[in-house]
Amino acid sequence: MLYSRTTPEQKRIRFRELLASGTIQQFPGAFNPLSARLIEEKGFAGVYISGAVLANDLGLPDIGLTTLTEVATRAGQIARMTDLPAIVDADTGFGEPMNVARTVQELENAGLAGLHIEDQFNPKRCGHLDGKNVVDLDTATKRIRAAADARRDPNFLIMARTDIRATDGLAAAQDRAKALVDAGADAIFPEAMATLDEFQAIRDAVDVPILANMTEFGKSDLFTVDQLAAVGVNMVIYPVTLLRSAMGAAERTLDSIKAEGTQEAQVGSMLTRARLYDLVDYEAYNRFDTGVFNFQVPGKH
C-alpha cells in the first residue's frame, strides 16, 4: 500500500546482484507509476525509465528539453511504487560536469538504483535517429568522472552510454567504451548497435556489464533475450514499448468512439475495473480506512 517497502539502498544492492548473476536481466520501460507496478507483477527484474518517454509524456520530443527537476520528480514517482530497482535515462547529465554531479545526487535522493549518461552534444537527440553528434573524449570522460565522484551510495550504478557507433564506427565505440570504464563507469550502454556481432565486439572490449536497447522502429533488430545473452549482454531494456502499446490502444478506442458513438467495441480489450482495483491495491486501502476509522461519530445535540 502507498509505496514500496523496499528501501532505495536495498534496491541498489539488488541491482548489483542481478548484474553479477551471470544471467541476462530484462527491464521494461515504465511510462507511469502504475505501469511500474505491472512490470513487477509480471515478474521482471527491474524497471527502466526512458528519457524519451518522460519527454513524450509531456508532449515534447526527445531532444533534451526536459529539466533535471522534471526527470527527478517523475522518476522518483515511478521508482517508489515498486520493490524493483529502477534506472533512469539522465540524458547528457543536464549540463557541465558540476551539473552532472548534482544530477547524480538528485536521482539518488529520488530513490533510483542507477542512471546512464550519454556522450552526445547537448541538446541531444533520440539515439536511433540520424544526425547525432558526440562530444570529444575529454568531455565524455569528465561527465563520467563527475558522476562517479558525486555519488554517496557506492551501490548507485553509473552507466555510460555512447552514441559514437553512429558517427565514427564500431572500433571507435570499442575505444570509447574502454575509456568510459577507465573514467569510472560501472556499466556500458552502446547505443544503436546494428547486429549481434556488434554487441559481441563491445562485450570483448570491456569487462563491465553491458546493456542492449531493444526499442521498436530503431537501428537494431529486435533480438530475443536468448540471442542477446549468447553474446554476453547483461541487461536489456524495452524503453518505449509500453507507452507505444498504451497510446496505440488509446487511439483505437478514440477512433471507435468517434466512428460508432460508443466505446463498446473496445471494452473487451480494456483493463477491467476489478483488475485496475487489484493493481492499485484498493482493498488494502479499504482495510486501512476501516482499521483507523473505528470510532462512532457523535450525533448532533
# chains A, B, ... in the order shown; residues from 1 in each chain; ligands from 1
>>> select_by_dssp(residues="range 107-254 of chain A", states="strand (DSSP E)", output="ChimeraX atom specification")
/A:114-118,157-162,187-190,211-213,235-238
>>> closest_atom_pairs(of="range 130-226 of chain A", to="range 237-240 of chain A", cutoff="12 Å", atoms="only C-alpha atoms", output="Markdown table")
| residue | atom | partner | partner_atom | distance |
| --- | --- | --- | --- | --- |
| A:Phe189 | CA | A:Ile237 | CA | 10.4 |
| A:Glu191 | CA | A:Ile237 | CA | 11.5 |
| A:Ile210 | CA | A:Ile237 | CA | 11.1 |
| A:Leu211 | CA | A:Ile237 | CA | 7.5 |
| A:Ala212 | CA | A:Ile237 | CA | 6.4 |
| A:Asn213 | CA | A:Ile237 | CA | 5.2 |
| A:Met214 | CA | A:Tyr238 | CA | 5.3 |
| A:Thr215 | CA | A:Tyr238 | CA | 5.6 |
| A:Glu216 | CA | A:Val240 | CA | 7.8 |
| A:Phe217 | CA | A:Val240 | CA | 10.4 |
| A:Gly218 | CA | A:Val240 | CA | 11.1 |
| A:Leu222 | CA | A:Tyr238 | CA | 9.8 |
| A:Phe223 | CA | A:Tyr238 | CA | 11.2 |
| A:Thr224 | CA | A:Tyr238 | CA | 11.5 |
| A:Val225 | CA | A:Ile237 | CA | 10.2 |
>>> select_by_dssp(residues="range 209-279 of chain A", states="alpha helix (DSSP H)", output="PDB file with N, CA and C atoms, in the first residue's frame")
ATOM      1  N   VAL A 225      15.867 -12.281 -26.006  1.00  0.00           N
ATOM      2  CA  VAL A 225      16.713 -12.254 -24.813  1.00  0.00           C
ATOM      3  C   VAL A 225      17.767 -13.353 -24.882  1.00  0.00           C
ATOM      4  N   ASP A 226      17.433 -14.495 -25.465  1.00  0.00           N
ATOM      5  CA  ASP A 226      18.415 -15.579 -25.581  1.00  0.00           C
ATOM      6  C   ASP A 226      19.536 -15.213 -26.555  1.00  0.00           C
ATOM      7  N   GLN A 227      19.191 -14.557 -27.656  1.00  0.00           N
ATOM      8  CA  GLN A 227      20.224 -14.126 -28.601  1.00  0.00           C
ATOM      9  C   GLN A 227      21.183 -13.133 -27.939  1.00  0.00           C
ATOM     10  N   LEU A 228      20.647 -12.209 -27.181  1.00  0.00           N
ATOM     11  CA  LEU A 228      21.487 -11.204 -26.523  1.00  0.00           C
ATOM     12  C   LEU A 228      22.342 -11.831 -25.428  1.00  0.00           C
ATOM     13  N   ALA A 229      21.767 -12.768 -24.697  1.00  0.00           N
ATOM     14  CA  ALA A 229      22.542 -13.452 -23.660  1.00  0.00           C
ATOM     15  C   ALA A 229      23.723 -14.196 -24.266  1.00  0.00           C
ATOM     16  N   ALA A 230      23.524 -14.750 -25.455  1.00  0.00           N
ATOM     17  CA  ALA A 230      24.572 -15.543 -26.103  1.00  0.00           C
ATOM     18  C   ALA A 230      25.786 -14.713 -26.496  1.00  0.00           C
ATOM     19  N   THR A 241       8.169   0.645 -25.249  1.00  0.00           N
ATOM     20  CA  THR A 241       7.223  -0.389 -25.663  1.00  0.00           C
ATOM     21  C   THR A 241       5.861  -0.221 -25.007  1.00  0.00           C
ATOM     22  N   LEU A 242       5.829  -0.031 -23.696  1.00  0.00           N
ATOM     23  CA  LEU A 242       4.542   0.082 -23.009  1.00  0.00           C
ATOM     24  C   LEU A 242       3.825   1.379 -23.360  1.00  0.00           C
ATOM     25  N   LEU A 243       4.570   2.478 -23.502  1.00  0.00           N
ATOM     26  CA  LEU A 243       3.925   3.734 -23.901  1.00  0.00           C
ATOM     27  C   LEU A 243       3.321   3.602 -25.292  1.00  0.00           C
ATOM     28  N   ARG A 244       4.076   3.027 -26.215  1.00  0.00           N
ATOM     29  CA  ARG A 244       3.539   2.857 -27.569  1.00  0.00           C
ATOM     30  C   ARG A 244       2.303   1.952 -27.562  1.00  0.00           C
ATOM     31  N   SER A 245       2.360   0.889 -26.760  1.00  0.00           N
ATOM     32  CA  SER A 245       1.219  -0.020 -26.681  1.00  0.00           C
ATOM     33  C   SER A 245      -0.005   0.689 -26.116  1.00  0.00           C
ATOM     34  N   ALA A 246       0.201   1.437 -25.038  1.00  0.00           N
ATOM     35  CA  ALA A 246      -0.911   2.125 -24.395  1.00  0.00           C
ATOM     36  C   ALA A 246      -1.504   3.208 -25.296  1.00  0.00           C
ATOM     37  N   MET A 247      -0.636   3.991 -25.946  1.00  0.00           N
ATOM     38  CA  MET A 247      -1.137   5.053 -26.813  1.00  0.00           C
ATOM     39  C   MET A 247      -1.795   4.488 -28.073  1.00  0.00           C
ATOM     40  N   GLY A 248      -1.292   3.354 -28.555  1.00  0.00           N
ATOM     41  CA  GLY A 248      -1.954   2.703 -29.687  1.00  0.00           C
ATOM     42  C   GLY A 248      -3.356   2.270 -29.328  1.00  0.00           C
ATOM     43  N   ALA A 249      -3.507   1.689 -28.138  1.00  0.00           N
ATOM     44  CA  ALA A 249      -4.835   1.274 -27.682  1.00  0.00           C
ATOM     45  C   ALA A 249      -5.746   2.485 -27.470  1.00  0.00           C
ATOM     46  N   ALA A 250      -5.191   3.557 -26.911  1.00  0.00           N
ATOM     47  CA  ALA A 250      -5.981   4.769 -26.688  1.00  0.00           C
ATOM     48  C   ALA A 250      -6.473   5.353 -28.005  1.00  0.00           C
ATOM     49  N   GLU A 251      -5.604   5.350 -29.016  1.00  0.00           N
ATOM     50  CA  GLU A 251      -6.006   5.886 -30.317  1.00  0.00           C
ATOM     51  C   GLU A 251      -7.109   5.039 -30.946  1.00  0.00           C
ATOM     52  N   ARG A 252      -6.984   3.722 -30.845  1.00  0.00           N
ATOM     53  CA  ARG A 252      -8.020   2.859 -31.396  1.00  0.00           C
ATOM     54  C   ARG A 252      -9.363   3.069 -30.695  1.00  0.00           C
ATOM     55  N   THR A 253      -9.323   3.273 -29.387  1.00  0.00           N
ATOM     56  CA  THR A 253     -10.564   3.493 -28.648  1.00  0.00           C
ATOM     57  C   THR A 253     -11.206   4.818 -29.028  1.00  0.00           C
ATOM     58  N   LEU A 254     -10.407   5.865 -29.155  1.00  0.00           N
ATOM     59  CA  LEU A 254     -10.957   7.165 -29.562  1.00  0.00           C
ATOM     60  C   LEU A 254     -11.551   7.098 -30.962  1.00  0.00           C
ATOM     61  N   ASP A 255     -10.869   6.386 -31.868  1.00  0.00           N
ATOM     62  CA  ASP A 255     -11.402   6.217 -33.225  1.00  0.00           C
ATOM     63  C   ASP A 255     -12.741   5.494 -33.188  1.00  0.00           C
ATOM     64  N   SER A 256     -12.847   4.503 -32.304  1.00  0.00           N
ATOM     65  CA  SER A 256     -14.090   3.741 -32.192  1.00  0.00           C
ATOM     66  C   SER A 256     -15.226   4.613 -31.662  1.00  0.00           C
ATOM     67  N   ILE A 257     -14.923   5.407 -30.654  1.00  0.00           N
ATOM     68  CA  ILE A 257     -15.948   6.317 -30.115  1.00  0.00           C
ATOM     69  C   ILE A 257     -16.404   7.301 -31.177  1.00  0.00           C
ATOM     70  N   LYS A 258     -15.442   7.832 -31.936  1.00  0.00           N
ATOM     71  CA  LYS A 258     -15.772   8.812 -32.964  1.00  0.00           C
ATOM     72  C   LYS A 258     -16.620   8.192 -34.069  1.00  0.00           C
ATOM     73  N   ALA A 259     -16.238   6.982 -34.475  1.00  0.00           N
ATOM     74  CA  ALA A 259     -16.918   6.349 -35.604  1.00  0.00           C
ATOM     75  C   ALA A 259     -18.259   5.748 -35.224  1.00  0.00           C
ATOM     76  N   GLU A 260     -18.350   5.183 -34.020  1.00  0.00           N
ATOM     77  CA  GLU A 260     -19.530   4.403 -33.655  1.00  0.00           C
ATOM     78  C   GLU A 260     -20.390   5.059 -32.588  1.00  0.00           C
ATOM     79  N   ARG A 273     -12.409  -3.054 -14.389  1.00  0.00           N
ATOM     80  CA  ARG A 273     -12.436  -2.313 -13.130  1.00  0.00           C
ATOM     81  C   ARG A 273     -11.804  -3.150 -12.007  1.00  0.00           C
ATOM     82  N   ALA A 274     -12.141  -4.439 -11.955  1.00  0.00           N
ATOM     83  CA  ALA A 274     -11.614  -5.300 -10.899  1.00  0.00           C
ATOM     84  C   ALA A 274     -10.100  -5.403 -10.985  1.00  0.00           C
ATOM     85  N   ARG A 275      -9.572  -5.554 -12.209  1.00  0.00           N
ATOM     86  CA  ARG A 275      -8.119  -5.675 -12.377  1.00  0.00           C
ATOM     87  C   ARG A 275      -7.414  -4.366 -12.023  1.00  0.00           C
ATOM     88  N   LEU A 276      -8.011  -3.238 -12.383  1.00  0.00           N
ATOM     89  CA  LEU A 276      -7.419  -1.948 -12.031  1.00  0.00           C
ATOM     90  C   LEU A 276      -7.385  -1.775 -10.521  1.00  0.00           C
ATOM     91  N   TYR A 277      -8.481  -2.119  -9.850  1.00  0.00           N
ATOM     92  CA  TYR A 277      -8.511  -2.014  -8.389  1.00  0.00           C
ATOM     93  C   TYR A 277      -7.485  -2.941  -7.751  1.00  0.00           C
ATOM     94  N   ASP A 278      -7.309  -4.121  -8.340  1.00  0.00           N
ATOM     95  CA  ASP A 278      -6.310  -5.056  -7.841  1.00  0.00           C
ATOM     96  C   ASP A 278      -4.911  -4.475  -7.988  1.00  0.00           C
ATOM     97  N   LEU A 279      -4.647  -3.840  -9.117  1.00  0.00           N
ATOM     98  CA  LEU A 279      -3.323  -3.304  -9.396  1.00  0.00           C
ATOM     99  C   LEU A 279      -2.961  -2.157  -8.460  1.00  0.00           C
TER     100      LEU A 279
END
>>> residues_around(residues="Ala201 in chain A", least_positions_apart="3", cutoff="12 Å", atoms="only C-alpha atoms", output="list in words")
Arg165, Gly169, Leu170, Ala171, Ala172, Ala173, Gln174, Asp175, Ala177, Lys178, Pro190, Met193, Ala194, Thr195, Leu196, Asp197, Glu198, Asp204, Ala205, Val206, Asp207, Ile210, Val231, Gly232 and Val233 of chain A
>>> residues_around(residues="Asn155 in chain A", least_positions_apart="4", cutoff="10 Å", atoms="only C-alpha atoms", output="list in words")
Glu9, Gln10, Lys11, Arg12, Ile13, Arg14, Phe15, Arg16, Ala113, Gly114, Arg151 and Asp186 of chain A
>>> write_last_selection(atoms="C-alpha atoms", output="compact mmCIF listing (two decimals), in the first residue's frame")
# COMPACT_ATOMS: atom_id res chain seq x y z
CA GLU A 9 19.63 1.23 -0.68
CA GLN A 10 18.22 -2.31 -0.75
CA LYS A 11 17.15 -1.88 -4.36
CA ARG A 12 20.65 -0.74 -5.36
CA ILE A 13 22.22 -3.78 -3.71
CA ARG A 14 19.71 -5.98 -5.52
CA PHE A 15 20.53 -4.33 -8.84
CA ARG A 16 24.23 -5.03 -8.37
CA ALA A 113 19.10 2.45 -8.39
CA GLY A 114 21.21 3.98 -11.13
CA ARG A 151 27.56 9.60 -5.71
CA ASP A 186 30.17 0.69 -13.78
>>> closest_atom_pairs(of="range 128-199 of chain A", to="range 117-120 of chain A", cutoff="10 Å", atoms="only C-alpha atoms", output="Markdown table")
| residue | atom | partner | partner_atom | distance |
| --- | --- | --- | --- | --- |
| A:Lys132 | CA | A:Gln120 | CA | 7.2 |
| A:Asn133 | CA | A:Gln120 | CA | 5.7 |
| A:Val134 | CA | A:Gln120 | CA | 4.0 |
| A:Val135 | CA | A:Gln120 | CA | 5.6 |
| A:Asp136 | CA | A:Asp119 | CA | 8.2 |
| A:Leu137 | CA | A:Asp119 | CA | 8.5 |
| A:Thr139 | CA | A:Asp119 | CA | 8.0 |
| A:Ala140 | CA | A:Asp119 | CA | 5.3 |
| A:Thr141 | CA | A:Asp119 | CA | 8.6 |
| A:Arg143 | CA | A:Ile117 | CA | 7.7 |
| A:Ile144 | CA | A:Ile117 | CA | 7.4 |
| A:Ala147 | CA | A:Ile117 | CA | 8.6 |
| A:Ile158 | CA | A:Ile117 | CA | 7.9 |
| A:Met159 | CA | A:Ile117 | CA | 6.5 |
| A:Ala160 | CA | A:Ile117 | CA | 5.2 |
| A:Arg161 | CA | A:Glu118 | CA | 4.4 |
| A:Thr162 | CA | A:Asp119 | CA | 5.4 |
| A:Asp163 | CA | A:Asp119 | CA | 6.5 |
| A:Ile164 | CA | A:Asp119 | CA | 7.8 |
| A:Arg176 | CA | A:Asp119 | CA | 9.5 |
| A:Leu180 | CA | A:Asp119 | CA | 9.8 |
| A:Ala185 | CA | A:Ile117 | CA | 9.6 |
| A:Ile188 | CA | A:Ile117 | CA | 9.8 |
| A:Phe189 | CA | A:Glu118 | CA | 8.6 |
| A:Pro190 | CA | A:Glu118 | CA | 9.6 |
| A:Glu191 | CA | A:Glu118 | CA | 9.2 |
>>> write_last_selection(atoms="N, CA, C and O atoms", output="mmCIF file, in the first residue's frame")
data_model
loop_
_atom_site.group_PDB
_atom_site.id
_atom_site.type_symbol
_atom_site.label_atom_id
_atom_site.label_comp_id
_atom_site.auth_asym_id
_atom_site.auth_seq_id
_atom_site.Cartn_x
_atom_site.Cartn_y
_atom_site.Cartn_z
ATOM 1 N N LYS A 132 23.117 12.486 -35.320
ATOM 2 C CA LYS A 132 23.623 12.695 -33.966
ATOM 3 C C LYS A 132 25.044 13.265 -34.008
ATOM 4 O O LYS A 132 25.775 13.062 -34.966
ATOM 5 N N ASN A 133 25.409 13.938 -32.933
ATOM 6 C CA ASN A 133 26.780 14.416 -32.759
ATOM 7 C C ASN A 133 27.254 14.030 -31.371
ATOM 8 O O ASN A 133 26.492 14.136 -30.395
ATOM 9 N N VAL A 134 28.501 13.590 -31.276
ATOM 10 C CA VAL A 134 29.040 13.216 -29.972
ATOM 11 C C VAL A 134 30.140 14.179 -29.565
ATOM 12 O O VAL A 134 30.805 14.795 -30.404
ATOM 13 N N VAL A 135 30.310 14.303 -28.261
ATOM 14 C CA VAL A 135 31.347 15.185 -27.730
ATOM 15 C C VAL A 135 32.708 14.493 -27.832
ATOM 16 O O VAL A 135 32.804 13.292 -28.080
ATOM 17 N N ASP A 136 33.765 15.257 -27.610
ATOM 18 C CA ASP A 136 35.100 14.664 -27.653
ATOM 19 C C ASP A 136 35.335 13.796 -26.425
ATOM 20 O O ASP A 136 34.562 13.819 -25.455
ATOM 21 N N LEU A 137 36.404 13.026 -26.473
ATOM 22 C CA LEU A 137 36.684 12.057 -25.412
ATOM 23 C C LEU A 137 36.860 12.728 -24.065
ATOM 24 O O LEU A 137 36.369 12.222 -23.038
ATOM 25 N N THR A 139 35.537 15.502 -22.897
ATOM 26 C CA THR A 139 34.244 15.911 -22.349
ATOM 27 C C THR A 139 33.453 14.709 -21.862
ATOM 28 O O THR A 139 32.840 14.737 -20.780
ATOM 29 N N ALA A 140 33.455 13.641 -22.645
ATOM 30 C CA ALA A 140 32.704 12.439 -22.277
ATOM 31 C C ALA A 140 33.214 11.841 -20.972
ATOM 32 O O ALA A 140 32.430 11.450 -20.090
ATOM 33 N N THR A 141 34.529 11.755 -20.830
ATOM 34 C CA THR A 141 35.079 11.142 -19.617
ATOM 35 C C THR A 141 34.921 12.051 -18.403
ATOM 36 O O THR A 141 34.738 11.558 -17.282
ATOM 37 N N ARG A 143 32.340 13.878 -17.778
ATOM 38 C CA ARG A 143 30.973 13.650 -17.297
ATOM 39 C C ARG A 143 30.917 12.424 -16.399
ATOM 40 O O ARG A 143 30.293 12.450 -15.324
ATOM 41 N N ILE A 144 31.564 11.349 -16.821
ATOM 42 C CA ILE A 144 31.504 10.114 -16.048
ATOM 43 C C ILE A 144 32.303 10.230 -14.757
ATOM 44 O O ILE A 144 31.864 9.755 -13.695
ATOM 45 N N ALA A 147 30.219 12.130 -12.333
ATOM 46 C CA ALA A 147 29.116 11.306 -11.825
ATOM 47 C C ALA A 147 29.606 10.333 -10.765
ATOM 48 O O ALA A 147 28.997 10.190 -9.694
ATOM 49 N N ILE A 158 26.519 3.871 -11.989
ATOM 50 C CA ILE A 158 26.813 4.865 -13.021
ATOM 51 C C ILE A 158 27.059 4.127 -14.331
ATOM 52 O O ILE A 158 28.064 3.438 -14.485
ATOM 53 N N MET A 159 26.151 4.267 -15.258
ATOM 54 C CA MET A 159 26.282 3.642 -16.572
ATOM 55 C C MET A 159 26.592 4.718 -17.602
ATOM 56 O O MET A 159 26.008 5.808 -17.571
ATOM 57 N N ALA A 160 27.545 4.431 -18.472
ATOM 58 C CA ALA A 160 27.893 5.373 -19.543
ATOM 59 C C ALA A 160 27.302 4.880 -20.852
ATOM 60 O O ALA A 160 27.525 3.737 -21.251
ATOM 61 N N ARG A 161 26.555 5.742 -21.498
ATOM 62 C CA ARG A 161 26.041 5.434 -22.831
ATOM 63 C C ARG A 161 26.919 6.131 -23.864
ATOM 64 O O ARG A 161 27.268 7.311 -23.699
ATOM 65 N N THR A 162 27.260 5.405 -24.926
ATOM 66 C CA THR A 162 27.982 6.037 -26.028
ATOM 67 C C THR A 162 27.210 5.882 -27.331
ATOM 68 O O THR A 162 26.727 4.799 -27.661
ATOM 69 N N ASP A 163 27.102 6.989 -28.050
ATOM 70 C CA ASP A 163 26.422 7.028 -29.345
ATOM 71 C C ASP A 163 27.411 7.110 -30.503
ATOM 72 O O ASP A 163 27.019 7.361 -31.643
ATOM 73 N N ILE A 164 28.679 6.877 -30.218
ATOM 74 C CA ILE A 164 29.711 7.136 -31.216
ATOM 75 C C ILE A 164 29.695 6.122 -32.366
ATOM 76 O O ILE A 164 30.254 6.390 -33.439
ATOM 77 N N ARG A 176 35.866 4.047 -27.107
ATOM 78 C CA ARG A 176 35.147 4.960 -26.211
ATOM 79 C C ARG A 176 34.640 4.208 -24.988
ATOM 80 O O ARG A 176 34.720 4.729 -23.862
ATOM 81 N N LEU A 180 35.522 5.107 -21.075
ATOM 82 C CA LEU A 180 34.461 5.440 -20.122
ATOM 83 C C LEU A 180 34.530 4.549 -18.887
ATOM 84 O O LEU A 180 34.276 5.005 -17.768
ATOM 85 N N ALA A 185 32.913 4.377 -15.125
ATOM 86 C CA ALA A 185 31.608 3.795 -15.447
ATOM 87 C C ALA A 185 31.523 2.363 -14.935
ATOM 88 O O ALA A 185 32.443 1.564 -15.139
ATOM 89 N N ILE A 188 28.251 -0.228 -19.386
ATOM 90 C CA ILE A 188 28.273 0.463 -20.674
ATOM 91 C C ILE A 188 26.984 0.188 -21.443
ATOM 92 O O ILE A 188 26.501 -0.949 -21.517
ATOM 93 N N PHE A 189 26.454 1.250 -22.031
ATOM 94 C CA PHE A 189 25.252 1.213 -22.872
ATOM 95 C C PHE A 189 25.694 1.631 -24.274
ATOM 96 O O PHE A 189 25.781 2.821 -24.561
ATOM 97 N N PRO A 190 25.995 0.667 -25.152
ATOM 98 C CA PRO A 190 26.363 1.020 -26.527
ATOM 99 C C PRO A 190 25.094 1.208 -27.359
ATOM 100 O O PRO A 190 24.391 0.243 -27.654
ATOM 101 N N GLU A 191 24.811 2.422 -27.733
ATOM 102 C CA GLU A 191 23.544 2.722 -28.385
ATOM 103 C C GLU A 191 23.579 2.414 -29.875
ATOM 104 O O GLU A 191 24.591 2.600 -30.556
#
>>> closest_residue(among="A:Met235, A:Ala110, A:Leu60, A:Leu115", to="Thr92 in chain A", atoms="only C-alpha atoms")
A:Leu115
>>> residues_around(residues="Gly95 in chain A", least_positions_apart="4", cutoff="8 Å", atoms="only C-alpha atoms", output="mmCIF file with N, CA and C atoms, in the first residue's frame")
data_model
loop_
_atom_site.group_PDB
_atom_site.id
_atom_site.type_symbol
_atom_site.label_atom_id
_atom_site.label_comp_id
_atom_site.auth_asym_id
_atom_site.auth_seq_id
_atom_site.Cartn_x
_atom_site.Cartn_y
_atom_site.Cartn_z
ATOM 1 N N ASN A 99 27.036 20.111 -13.094
ATOM 2 C CA ASN A 99 25.622 19.786 -13.227
ATOM 3 C C ASN A 99 25.403 18.277 -13.195
ATOM 4 N N VAL A 100 26.327 17.543 -13.825
ATOM 5 C CA VAL A 100 26.246 16.079 -13.791
ATOM 6 C C VAL A 100 26.318 15.581 -12.358
ATOM 7 N N ASN A 122 24.781 18.462 -26.103
ATOM 8 C CA ASN A 122 23.537 18.948 -25.529
ATOM 9 C C ASN A 122 23.120 20.217 -26.284
#
>>> closest_residue(among="A:Leu54, A:Met81, A:Pro97, A:Ser269", to="Arg37 in chain A", atoms="only C-alpha atoms")
A:Met81
>>> residues_around(residues="range 47-53 of chain A", least_positions_apart="3", cutoff="10 Å", atoms="only C-alpha atoms", output="VMD selection string")
chain A and resid 26 to 32 35 to 37 39 to 40 44 56 to 64 66 71 74 to 76 78 to 79 82 to 91 112 to 115 125 to 127 236 to 244
>>> atom_distance(atom1="CA of Lys142 in chain A", atom2="CA of Ala55 in chain A")
25.6 Å
>>> atom_distance(atom1="CA of Phe121 in chain A", atom2="CA of Asn234 in chain A")
27.0 Å
>>> closest_residue(among="A:Ala187, A:Glu106, A:Ala101, A:Gly22", to="Thr73 in chain A", atoms="only C-alpha atoms")
A:Glu106
>>> decode(residues="range 252-259 of chain A", atoms="all heavy atoms", output="short mmCIF file (atom, residue, chain, number, x, y, z; two decimals), in the first residue's frame")
data_model
loop_
_atom_site.label_atom_id
_atom_site.label_comp_id
_atom_site.auth_asym_id
_atom_site.auth_seq_id
_atom_site.Cartn_x
_atom_site.Cartn_y
_atom_site.Cartn_z
N ARG A 252 -6.98 3.72 -30.84
CA ARG A 252 -8.02 2.86 -31.40
C ARG A 252 -9.36 3.07 -30.70
O ARG A 252 -10.42 3.07 -31.34
CB ARG A 252 -7.59 1.40 -31.29
CG ARG A 252 -6.47 1.02 -32.26
CD ARG A 252 -6.20 -0.46 -32.27
NE ARG A 252 -5.65 -0.95 -31.01
CZ ARG A 252 -4.35 -0.95 -30.72
NH1 ARG A 252 -3.47 -0.45 -31.58
NH2 ARG A 252 -3.92 -1.44 -29.58
N THR A 253 -9.32 3.27 -29.39
CA THR A 253 -10.56 3.49 -28.65
C THR A 253 -11.21 4.82 -29.03
O THR A 253 -12.43 4.91 -29.22
CB THR A 253 -10.29 3.44 -27.13
OG1 THR A 253 -9.81 2.14 -26.80
CG2 THR A 253 -11.56 3.72 -26.34
N LEU A 254 -10.41 5.86 -29.15
CA LEU A 254 -10.96 7.17 -29.56
C LEU A 254 -11.55 7.10 -30.96
O LEU A 254 -12.61 7.69 -31.23
CB LEU A 254 -9.86 8.23 -29.50
CG LEU A 254 -9.39 8.61 -28.08
CD1 LEU A 254 -8.17 9.51 -28.16
CD2 LEU A 254 -10.50 9.28 -27.29
N ASP A 255 -10.87 6.39 -31.87
CA ASP A 255 -11.40 6.22 -33.22
C ASP A 255 -12.74 5.49 -33.19
O ASP A 255 -13.67 5.83 -33.94
CB ASP A 255 -10.42 5.43 -34.09
CG ASP A 255 -9.19 6.24 -34.47
OD1 ASP A 255 -9.23 7.49 -34.36
OD2 ASP A 255 -8.18 5.62 -34.87
N SER A 256 -12.85 4.50 -32.30
CA SER A 256 -14.09 3.74 -32.19
C SER A 256 -15.23 4.61 -31.66
O SER A 256 -16.35 4.57 -32.17
CB SER A 256 -13.87 2.54 -31.27
OG SER A 256 -15.00 1.72 -31.22
N ILE A 257 -14.92 5.41 -30.65
CA ILE A 257 -15.95 6.32 -30.12
C ILE A 257 -16.40 7.30 -31.18
O ILE A 257 -17.60 7.58 -31.34
CB ILE A 257 -15.40 7.05 -28.88
CG1 ILE A 257 -15.16 6.08 -27.72
CG2 ILE A 257 -16.36 8.17 -28.45
CD1 ILE A 257 -14.43 6.70 -26.55
N LYS A 258 -15.44 7.83 -31.94
CA LYS A 258 -15.77 8.81 -32.96
C LYS A 258 -16.62 8.19 -34.07
O LYS A 258 -17.60 8.79 -34.53
CB LYS A 258 -14.47 9.37 -33.56
CG LYS A 258 -14.66 10.54 -34.51
CD LYS A 258 -15.08 11.79 -33.78
CE LYS A 258 -15.08 12.99 -34.70
NZ LYS A 258 -15.55 14.21 -34.01
N ALA A 259 -16.24 6.98 -34.48
CA ALA A 259 -16.92 6.35 -35.60
C ALA A 259 -18.26 5.75 -35.22
O ALA A 259 -19.21 5.79 -36.01
CB ALA A 259 -16.02 5.27 -36.20
#
